[in-house]
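Note sheet for the following structure.
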Amino acid sequence: MSVRDLKGKRGWLAFAGCFAWFAFTLFPLYWVAITSFKTPPDVVGGPTYLPFIDFQPSLNAWRDLFSGVRGEFYSNFWSSAIVAVSSAVFATLLGTMAAYALVRFPFRVRLVSGLVFFAVAMGGFLLGRDVLDFPPATASIIAFCVALALSVLVNRFNLPGKVMNNDDIVFWFVSQRLFPPIVVAFALFLLYSEMGKMGLKMTDTYGGLTLAYIAFSLPIVVWLMRDFIAALPLEVEEAALVDNVPQWRIFFGIVLPMARPGLIATFVITLAFTWNEFLFALFLTNSEWQTLPVLIAGQNSQRGDEWWAISAAALVAIIPMIVIAGLLGRLMRSGLLSGAVK
Amino acid sequence: MREDPVKYLFLWPAFLVVLAMAIFPLIFSLANSFMSLRLVPPMPARFVGTDNYADLLTNPRFWQTVKTTSIIAFTSVALQFVIGFGIALALVKRVRGAEFFRVTFLMPMLVAPVAVALVARQIFNPTMGPLNELASFLGFPNLPYLTDPTWALGSLIAVEIWQWTPFVILLLLAGLQGLPEDVYEAAELENASPWQQFWSITFPMMLPVSAAVVFIRIVESFKIIDTVFVMTGGGPGVSTETLTLFAYQEGFKKFNLGYTSALSFLFLAVVLIMSLIYLAILKPYLEKYK
C-alpha cells in the first residue's frame, strides 16, 4: 500500500511525529549508556547529560564489572548465553519438525484420548501421592507415563466423539501462550524440588531451565514455521520422494535449507524471548545457572543508587539484543515477516 | 498430504516436551488447588474442595490485583495500538528516514524488561533523574513518580508503551504492506480525502490484523511481572501489585501451595473470560469486513 507517499505538510508532520517517537525510544538507551560511564558524584549530584561537557566519563564501572569485584558476573553471563542460545536452537529445530509434520502429513487425535490423559494424569497423581503414599515426584512420573500410554491406546480405537485434525493441534500448541506462565513456573518449581529429593537435581541446572524454555518457545515456533513451510514449493520434495530419498534427508537436506529465512527470523524471535526471560529463571535457578535478568533485578535491592554499576550490568544484557534488533530490522525490510501475519 | 509413519518422529518430540513441561504441571497445579498444602511449616496434604477459591474470591487483595492488572493492560495496549498504527502508517507511506526509523523503532521490544525497568527507575528518580529536572524546568512541581499510587501506575504504563509499541508497529506494518493497491487507486479517482481513505479502506481492511495484535498484547500484558517487580515491587503498599506478582508473593514467600495454585487458576479464568468477551464483541465486525 503506497499509492500516495506522504508529501508536503503532511510529510513533515509525519516526520515530526516519527522523530518525537525516535527521541522517546532512544533517550532511555542513551541514558543507560552514559550513566555507565559516570563517576558517583556525577550521578548523585543531579542529572548530567553530555559526556566531556557535563561530566568526565570514566571506565570505573566497567572495570569493576569485568574484574569481578562485584560478584560472579562472568559465570552468570555465560549461563545466560548458553541457556538462551541452546534452548532457542532446540526449540527452533523441534518446532520446525513439528510444523513440517503438521503441514505435510494428516494427524487425527480423538478428543476422548485428550480427556483420558487429563483424567488419568490428575487422578493417578492424587491416588499415588495421597492414597498409596508415594513421594510426589514418583507419583507424578508414574501418572504421566500411564496417562500418556492409555491415551495413545484409546486413540487407536474407533470411539465416538470429536476427532481433531492438524489445525486443532496447531491451536493446541498456540493456546499454551494464553496460560499465565506463573501457573506452570510454580508447578515446575515444586516438581523440580520433589525430583531433587529423589536424587535427580533439576532446580538450578542447565537441563531444568532449558527444558522449560524449549516448552515455552515451541508454541511460537510452530505457529511461525507453519506459515513459512506451507509457503515452500512441494515439487522439490515430490521429486526427491520419487527418487526414494529417505524422509529425514528430505527434511534436513531440502526443507531446512529452503526455509532458511524463516528459520532465522524464528530463531531470532525465540532467542529474544529466552535471553530476556525472567519468571522461570527466578523460580528455577538460584546460583550456578542464574541468568542475567535475575542477577540484574537483584542489583536493585543490593546496591540501591549505585547507578553507574547497575547501568553497566544492564547494558551487558541489552547490547546483544540491540545487535539482534539490527538483524531483525534487515529481515523485516525484505518483507520476510509478512507471512507471519495471517 | 501424504501418509508415512515417520510423521510421528517429527511431531512427537515437540509434542512430548510441551505435554510434559506445560500441560502436566498445569494438571498438577489444578490437583493441588483443591488441597490445603504448605511447605513451610510442612503440613500433610488435606482435601479442602473449593475452599481456596472461595477464600480468594472474598479476598479484597485479589480483586485489587485484578483491577491493577486490567488497568495496566487495557490502558497501555490502547495507547500502544493508537501510536503504533500512526507510526506504521507513516512508515508504510515512506516518511523521510523511514528505513532508519524502522530499525531503531524495533529496539525496545528486544531489551530485557528487567533492564528497562532499571533504567526507568533512574529516569523517574525524584532527585537524580532527568524527568523531574525537565518538569521543574517547565515549571511543574516535582512529582513522586514511583511513590504515589496513581503516578506509579502511570509510570508502569509509560514503560509498557515504550517497550511494546514496537511489537504493534512490526505486525501492523507487515499487515499494511499486504493491502492491495487497486482499492486506493480507485479511491484516488473518486477524489476521496486521505481521512476518508483511512476510515473507509485502511482501517476496515486492517481490522483482522489489528484484532489479533491487540489480543496478543492484552494476553501478554496480563502476565506482567518483571517491570513491576523491579520498578515498584508492587508498592506503594500493594497499589501496583499485579496478578503474577501476587501469585509470586504468595507462593515463594509464604509457600502456601494450594492457595497459590488456586490463585493461578483464577488468573487463568480471568484471562479466558477476557478473551471470550473480547472475541464476542469483535466477531460481528470481523465478519462484516470479511
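Chain labels A, B, ... are given in the sequence in which chains occur in the C-alpha cells; within each chain residues are numbered consecutively from 1, and ligands are likewise numbered from 1 in the order shown.
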
Near chain B, meaning an atom within 7 Å, which residues of chain A appear when counting only C-alpha atoms? Write them as a VMD selection string. chain A and resid 1 to 3 5 to 6 11 14 to 15 18 22 25 28 32 43 to 47 94 to 95 97 to 98 101 104 to 106 122 178 to 180 182 to 184 187 to 188 212 215 272 276 278 293 297 314 317 to 318 321 to 322 325 to 326 329 337 to 338 341

Once you have the residues from the selection above, write them out as a short mmCIF file (atom, residue, chain, number, x, y, z; two decimals), in the first residue's frame, restricted to N, CA and C atoms.
data_model
loop_
_atom_site.label_atom_id
_atom_site.label_comp_id
_atom_site.auth_asym_id
_atom_site.auth_seq_id
_atom_site.Cartn_x
_atom_site.Cartn_y
_atom_site.Cartn_z
N MET A 1 0.84 -1.18 0.00
CA MET A 1 0.00 0.00 0.00
C MET A 1 0.88 1.23 0.00
N SER A 2 1.02 1.85 -1.15
CA SER A 2 1.82 3.08 -1.15
C SER A 2 1.44 3.90 -2.36
N VAL A 3 0.14 4.03 -2.58
CA VAL A 3 -0.30 4.76 -3.76
C VAL A 3 0.20 6.19 -3.70
N ASP A 5 2.60 8.52 -1.53
CA ASP A 5 3.53 8.73 -0.43
C ASP A 5 3.29 10.10 0.18
N LEU A 6 3.70 10.22 1.43
CA LEU A 6 3.48 11.49 2.11
C LEU A 6 4.35 12.57 1.50
N GLY A 11 3.74 15.30 5.10
CA GLY A 11 5.00 14.57 5.19
C GLY A 11 5.84 15.08 6.35
N ALA A 14 4.25 14.00 9.69
CA ALA A 14 4.54 12.60 10.00
C ALA A 14 5.99 12.45 10.43
N PHE A 15 6.87 13.19 9.76
CA PHE A 15 8.29 13.10 10.12
C PHE A 15 8.49 13.60 11.55
N CYS A 18 7.33 10.91 13.93
CA CYS A 18 8.29 9.81 13.98
C CYS A 18 9.55 10.23 14.72
N PHE A 22 11.13 8.62 17.97
CA PHE A 22 12.52 8.19 17.91
C PHE A 22 13.28 8.70 19.15
N THR A 25 12.13 6.79 22.13
CA THR A 25 12.68 5.43 22.11
C THR A 25 14.14 5.42 22.53
N PRO A 28 16.04 6.61 26.80
CA PRO A 28 16.41 5.70 27.89
C PRO A 28 17.68 4.91 27.58
N VAL A 32 21.11 5.11 29.82
CA VAL A 32 21.78 3.99 30.49
C VAL A 32 23.22 3.89 29.99
N VAL A 43 26.54 11.17 39.32
CA VAL A 43 25.20 10.61 39.39
C VAL A 43 24.43 11.26 40.53
N VAL A 44 25.06 11.31 41.70
CA VAL A 44 24.35 11.76 42.90
C VAL A 44 24.05 13.25 42.85
N GLY A 45 24.89 14.01 42.15
CA GLY A 45 24.71 15.47 42.13
C GLY A 45 23.61 15.96 41.21
N GLY A 46 22.74 15.11 40.77
CA GLY A 46 21.69 15.56 39.85
C GLY A 46 22.01 15.11 38.46
N PRO A 47 21.02 15.16 37.57
CA PRO A 47 21.21 14.61 36.23
C PRO A 47 22.25 15.37 35.39
N LEU A 94 13.00 -28.47 17.01
CA LEU A 94 11.86 -29.34 17.32
C LEU A 94 10.57 -28.73 16.78
N GLY A 95 10.44 -27.40 16.92
CA GLY A 95 9.22 -26.74 16.45
C GLY A 95 9.08 -26.82 14.94
N MET A 97 10.36 -29.19 13.03
CA MET A 97 9.99 -30.57 12.72
C MET A 97 8.49 -30.78 12.90
N ALA A 98 7.97 -30.28 14.01
CA ALA A 98 6.54 -30.44 14.27
C ALA A 98 5.72 -29.69 13.24
N ALA A 101 5.68 -31.63 10.02
CA ALA A 101 4.77 -32.77 10.10
C ALA A 101 3.33 -32.29 9.98
N ARG A 104 2.61 -31.27 6.24
CA ARG A 104 2.69 -32.27 5.18
C ARG A 104 1.91 -33.56 5.44
N PHE A 105 1.67 -33.91 6.70
CA PHE A 105 1.02 -35.18 6.99
C PHE A 105 -0.28 -34.97 7.77
N PRO A 106 -1.29 -35.80 7.53
CA PRO A 106 -2.53 -35.68 8.31
C PRO A 106 -2.41 -36.35 9.68
N MET A 122 -4.38 -36.62 36.39
CA MET A 122 -4.74 -35.97 37.64
C MET A 122 -5.14 -36.99 38.71
N LEU A 178 -1.60 -18.64 26.00
CA LEU A 178 -2.69 -17.96 26.71
C LEU A 178 -2.54 -18.13 28.22
N PHE A 179 -1.95 -19.25 28.62
CA PHE A 179 -1.84 -19.53 30.05
C PHE A 179 -0.84 -18.60 30.71
N PRO A 180 -1.20 -18.07 31.86
CA PRO A 180 -0.22 -17.29 32.61
C PRO A 180 0.94 -18.19 32.99
N ILE A 182 2.98 -18.14 35.26
CA ILE A 182 3.19 -18.37 36.69
C ILE A 182 2.60 -19.71 37.12
N VAL A 183 1.49 -20.13 36.48
CA VAL A 183 0.87 -21.41 36.83
C VAL A 183 1.89 -22.52 36.67
N VAL A 184 2.52 -22.51 35.50
CA VAL A 184 3.45 -23.58 35.18
C VAL A 184 4.78 -23.39 35.92
N ALA A 187 4.41 -24.66 39.43
CA ALA A 187 4.28 -26.10 39.47
C ALA A 187 5.61 -26.78 39.13
N LEU A 188 6.33 -26.22 38.14
CA LEU A 188 7.62 -26.81 37.78
C LEU A 188 8.60 -26.69 38.94
N ALA A 212 12.36 -26.05 30.24
CA ALA A 212 11.23 -25.15 30.44
C ALA A 212 11.17 -24.11 29.32
N ALA A 215 9.93 -25.64 26.04
CA ALA A 215 8.49 -25.85 26.05
C ALA A 215 7.75 -24.54 25.82
N ALA A 272 15.30 -13.82 21.54
CA ALA A 272 14.96 -12.63 22.32
C ALA A 272 14.14 -13.03 23.53
N ASN A 276 15.79 -12.79 27.50
CA ASN A 276 15.21 -11.79 28.40
C ASN A 276 14.32 -12.39 29.48
N PHE A 278 12.41 -13.83 32.56
CA PHE A 278 12.67 -13.54 33.97
C PHE A 278 11.99 -14.52 34.92
N PRO A 293 18.92 -11.60 33.62
CA PRO A 293 17.79 -10.80 34.11
C PRO A 293 17.58 -10.92 35.62
N ALA A 297 18.04 -7.87 38.21
CA ALA A 297 16.93 -7.46 39.07
C ALA A 297 17.39 -7.41 40.52
N ALA A 314 23.19 -3.62 33.31
CA ALA A 314 22.02 -3.67 32.43
C ALA A 314 22.44 -3.65 30.97
N ALA A 317 23.18 -6.90 29.37
CA ALA A 317 22.01 -7.65 28.94
C ALA A 317 21.38 -7.03 27.70
N ILE A 318 21.54 -5.71 27.53
CA ILE A 318 20.85 -5.02 26.44
C ILE A 318 21.59 -5.17 25.11
N MET A 321 21.04 -7.87 22.39
CA MET A 321 19.73 -7.81 21.75
C MET A 321 19.62 -6.63 20.78
N ILE A 322 20.38 -5.56 21.04
CA ILE A 322 20.37 -4.42 20.11
C ILE A 322 20.99 -4.85 18.78
N ALA A 325 18.45 -6.69 17.06
CA ALA A 325 17.42 -5.81 16.51
C ALA A 325 17.80 -5.32 15.13
N GLY A 326 19.09 -5.01 14.96
CA GLY A 326 19.56 -4.58 13.65
C GLY A 326 19.33 -5.67 12.61
N GLY A 329 15.67 -6.00 11.86
CA GLY A 329 15.24 -4.88 11.03
C GLY A 329 15.54 -5.15 9.57
N LEU A 337 8.65 -11.00 7.35
CA LEU A 337 7.71 -11.35 8.40
C LEU A 337 6.27 -11.21 7.95
N SER A 338 6.05 -10.73 6.73
CA SER A 338 4.67 -10.50 6.32
C SER A 338 3.89 -11.81 6.28
N VAL A 341 1.77 -12.80 9.51
CA VAL A 341 0.55 -12.13 9.93
C VAL A 341 -0.63 -12.66 9.15
#

Set the distance at 6 Å and use only C-alpha atoms: which residues neighbour range 78-90 of chain A once local chain neighbours fewer than 5 positions away are removed? I'd like the list as a compact mmCIF listing (two decimals) with C-alpha atoms, in the first residue's frame.
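Written file, part_21.txt:
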# COMPACT_ATOMS: atom_id res chain seq x y z
CA THR A 210 16.48 -25.22 29.15
CA ILE A 214 12.03 -25.00 24.99
CA THR A 270 12.88 -17.16 20.16
CA LEU A 271 16.32 -16.01 21.25
CA THR A 274 14.89 -16.88 26.08
CA TRP A 275 17.57 -14.23 26.69
CA TRP A 289 22.59 -21.24 36.41
CA THR A 291 20.56 -15.86 34.27
CA LEU A 292 21.33 -12.19 33.70

Separation of CA of Ala211 in chain B and CA of Leu282 in chain B, in Å?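 These two atoms are separated by 7.7 Å.
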
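A straight line drawn from CA of Ala231 in chain A to CA of Gly84 in chain B is 28.1 Å long.
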
Just asking: which residues within range 25-223 of chain A are strand (DSSP E or B) according to DSSP, as a PyMOL selection string? chain A and resi 51+55+109-110+163-164

Just write the chosen residues, N, CA and C atoms, as a PDB file, in the first residue's frame.
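Result file selection.pdb:
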ATOM      1  N   PRO A  51      28.551  13.691  27.842  1.00  0.00           N
ATOM      2  CA  PRO A  51      29.908  13.333  28.252  1.00  0.00           C
ATOM      3  C   PRO A  51      30.901  14.419  27.825  1.00  0.00           C
ATOM      4  N   PHE A  55      30.070  16.041  32.323  1.00  0.00           N
ATOM      5  CA  PHE A  55      30.832  15.201  33.250  1.00  0.00           C
ATOM      6  C   PHE A  55      31.979  14.537  32.517  1.00  0.00           C
ATOM      7  N   VAL A 109      -6.463 -36.850  16.159  1.00  0.00           N
ATOM      8  CA  VAL A 109      -6.456 -37.107  17.593  1.00  0.00           C
ATOM      9  C   VAL A 109      -7.886 -37.030  18.082  1.00  0.00           C
ATOM     10  N   ARG A 110      -8.308 -38.061  18.819  1.00  0.00           N
ATOM     11  CA  ARG A 110      -9.661 -38.031  19.366  1.00  0.00           C
ATOM     12  C   ARG A 110      -9.703 -37.195  20.630  1.00  0.00           C
ATOM     13  N   VAL A 163     -13.178 -35.708  16.435  1.00  0.00           N
ATOM     14  CA  VAL A 163     -11.822 -36.057  16.004  1.00  0.00           C
ATOM     15  C   VAL A 163     -11.119 -34.763  15.607  1.00  0.00           C
ATOM     16  N   MET A 164      -9.981 -34.520  16.202  1.00  0.00           N
ATOM     17  CA  MET A 164      -9.302 -33.262  15.937  1.00  0.00           C
ATOM     18  C   MET A 164      -8.241 -33.446  14.857  1.00  0.00           C
TER      19      MET A 164
END

Phe251 in chain A environment, 9 Å, only C-alpha atoms, sequence neighbours closer than 4 positions dropped, as a PDB file with N, CA and C atoms, in the first residue's frame:
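The new file out-v6.pdb reads:
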ATOM      1  N   MET A  97      10.355 -29.185  13.034  1.00  0.00           N
ATOM      2  CA  MET A  97       9.992 -30.573  12.717  1.00  0.00           C
ATOM      3  C   MET A  97       8.495 -30.777  12.896  1.00  0.00           C
ATOM      4  N   TYR A 100       6.558 -28.966  10.220  1.00  0.00           N
ATOM      5  CA  TYR A 100       6.663 -29.693   8.951  1.00  0.00           C
ATOM      6  C   TYR A 100       5.685 -30.861   8.924  1.00  0.00           C
ATOM      7  N   GLU A 237      10.198 -31.573  -3.077  1.00  0.00           N
ATOM      8  CA  GLU A 237      10.074 -32.722  -2.175  1.00  0.00           C
ATOM      9  C   GLU A 237       9.521 -33.925  -2.920  1.00  0.00           C
ATOM     10  N   PRO A 246      15.259 -40.851   1.607  1.00  0.00           N
ATOM     11  CA  PRO A 246      14.568 -41.033   2.895  1.00  0.00           C
ATOM     12  C   PRO A 246      14.027 -39.699   3.439  1.00  0.00           C
ATOM     13  N   GLN A 247      12.944 -39.825   4.180  1.00  0.00           N
ATOM     14  CA  GLN A 247      12.237 -38.649   4.664  1.00  0.00           C
ATOM     15  C   GLN A 247      13.121 -37.710   5.502  1.00  0.00           C
ATOM     16  N   VAL A 255      14.203 -29.302   2.932  1.00  0.00           N
ATOM     17  CA  VAL A 255      13.235 -28.390   3.553  1.00  0.00           C
ATOM     18  C   VAL A 255      13.936 -27.325   4.399  1.00  0.00           C
ATOM     19  N   LEU A 256      14.842 -27.747   5.263  1.00  0.00           N
ATOM     20  CA  LEU A 256      15.501 -26.762   6.135  1.00  0.00           C
ATOM     21  C   LEU A 256      16.253 -25.692   5.340  1.00  0.00           C
ATOM     22  N   PRO A 257      17.076 -26.074   4.349  1.00  0.00           N
ATOM     23  CA  PRO A 257      17.756 -25.015   3.586  1.00  0.00           C
ATOM     24  C   PRO A 257      16.781 -24.075   2.883  1.00  0.00           C
TER      25      PRO A 257
END

Write out as a VMD selection string all residues of range 144-282 of chain A that backbone DSSP assigns to alpha helix (DSSP H). chain A and resid 144 to 156 166 to 174 181 to 197 206 to 230 235 to 242 247 to 250 256 to 258 260 to 276 279 to 282

Writer output for current selection, C-alpha atoms, as a short mmCIF file (atom, residue, chain, number, x, y, z; two decimals), in the first residue's frame:
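Output file again.cif follows:
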data_model
loop_
_atom_site.label_atom_id
_atom_site.label_comp_id
_atom_site.auth_asym_id
_atom_site.auth_seq_id
_atom_site.Cartn_x
_atom_site.Cartn_y
_atom_site.Cartn_z
CA PHE A 144 2.30 -39.06 33.45
CA CYS A 145 3.55 -42.24 31.78
CA VAL A 146 0.38 -44.24 32.46
CA ALA A 147 -1.82 -41.38 31.25
CA LEU A 148 0.21 -40.99 28.08
CA ALA A 149 0.19 -44.71 27.32
CA LEU A 150 -3.54 -45.01 27.93
CA SER A 151 -4.44 -42.01 25.83
CA VAL A 152 -2.32 -43.24 22.91
CA LEU A 153 -4.05 -46.60 23.23
CA VAL A 154 -7.51 -45.01 23.37
CA ASN A 155 -6.72 -43.02 20.24
CA ARG A 156 -6.37 -46.29 18.29
CA ASN A 166 -3.94 -30.67 12.19
CA ASP A 167 -5.42 -27.20 12.69
CA ASP A 168 -6.66 -28.22 16.13
CA ILE A 169 -3.21 -29.50 17.03
CA VAL A 170 -1.65 -26.19 15.97
CA PHE A 171 -4.26 -24.40 18.04
CA TRP A 172 -3.38 -26.66 20.97
CA PHE A 173 0.26 -25.62 20.66
CA VAL A 174 -0.52 -21.92 20.31
CA PRO A 181 3.30 -18.71 32.91
CA ILE A 182 3.19 -18.37 36.69
CA VAL A 183 0.87 -21.41 36.83
CA VAL A 184 3.45 -23.58 35.18
CA ALA A 185 6.53 -21.89 36.68
CA PHE A 186 5.32 -22.54 40.19
CA ALA A 187 4.28 -26.10 39.47
CA LEU A 188 7.62 -26.81 37.78
CA PHE A 189 9.41 -25.38 40.77
CA LEU A 190 7.55 -27.81 43.04
CA LEU A 191 8.06 -30.79 40.71
CA TYR A 192 11.75 -29.98 40.36
CA SER A 193 12.26 -29.73 44.11
CA GLU A 194 10.48 -33.06 44.59
CA MET A 195 12.73 -34.63 41.97
CA GLY A 196 15.68 -33.14 43.81
CA LYS A 197 14.63 -35.07 46.91
CA TYR A 206 21.13 -26.45 32.75
CA GLY A 207 18.64 -29.14 31.81
CA GLY A 208 15.86 -27.94 34.05
CA LEU A 209 15.84 -24.37 32.81
CA THR A 210 16.48 -25.22 29.15
CA LEU A 211 13.62 -27.73 29.02
CA ALA A 212 11.23 -25.15 30.44
CA TYR A 213 12.37 -22.58 27.88
CA ILE A 214 12.03 -25.00 24.99
CA ALA A 215 8.49 -25.85 26.05
CA PHE A 216 7.54 -22.20 26.26
CA SER A 217 9.11 -21.21 22.95
CA LEU A 218 7.62 -24.09 20.98
CA PRO A 219 4.13 -22.58 20.51
CA ILE A 220 5.53 -19.52 18.74
CA VAL A 221 7.96 -21.58 16.67
CA VAL A 222 5.23 -23.95 15.50
CA TRP A 223 2.93 -21.04 14.68
CA LEU A 224 5.53 -19.07 12.70
CA MET A 225 7.19 -22.02 10.96
CA ARG A 226 3.89 -23.49 9.83
CA ASP A 227 3.30 -20.49 7.57
CA PHE A 228 6.87 -20.48 6.30
CA ILE A 229 6.79 -24.19 5.46
CA ALA A 230 3.34 -24.02 3.89
CA GLU A 235 7.54 -30.10 -6.22
CA VAL A 236 11.12 -30.39 -4.98
CA GLU A 237 10.07 -32.72 -2.17
CA GLU A 238 7.93 -34.80 -4.52
CA ALA A 239 10.80 -35.19 -6.93
CA ALA A 240 13.00 -36.37 -4.07
CA LEU A 241 10.31 -38.84 -2.96
CA VAL A 242 10.20 -40.34 -6.43
CA GLN A 247 12.24 -38.65 4.66
CA TRP A 248 14.78 -37.41 7.21
CA ARG A 249 17.14 -36.46 4.36
CA ILE A 250 14.35 -34.60 2.59
CA LEU A 256 15.50 -26.76 6.14
CA PRO A 257 17.76 -25.01 3.59
CA MET A 258 14.73 -23.75 1.66
CA ARG A 260 16.32 -20.66 5.95
CA PRO A 261 14.98 -17.07 6.04
CA GLY A 262 12.00 -18.18 8.12
CA LEU A 263 14.27 -20.22 10.36
CA ILE A 264 16.50 -17.22 11.02
CA ALA A 265 13.55 -14.95 11.84
CA THR A 266 12.02 -17.56 14.14
CA PHE A 267 15.33 -18.25 15.83
CA VAL A 268 15.89 -14.53 16.48
CA ILE A 269 12.42 -14.07 17.98
CA THR A 270 12.88 -17.16 20.16
CA LEU A 271 16.32 -16.01 21.25
CA ALA A 272 14.96 -12.63 22.32
CA PHE A 273 12.44 -14.46 24.48
CA THR A 274 14.89 -16.88 26.08
CA TRP A 275 17.57 -14.23 26.69
CA ASN A 276 15.21 -11.79 28.40
CA LEU A 279 9.91 -15.51 35.67
CA PHE A 280 11.12 -19.07 35.02
CA ALA A 281 14.69 -18.14 35.80
CA LEU A 282 13.55 -16.60 39.07
#

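Taking CA of Tyr285 in chain B and CA of Trp199 in chain B as endpoints, the distance between them is 14.0 Å.
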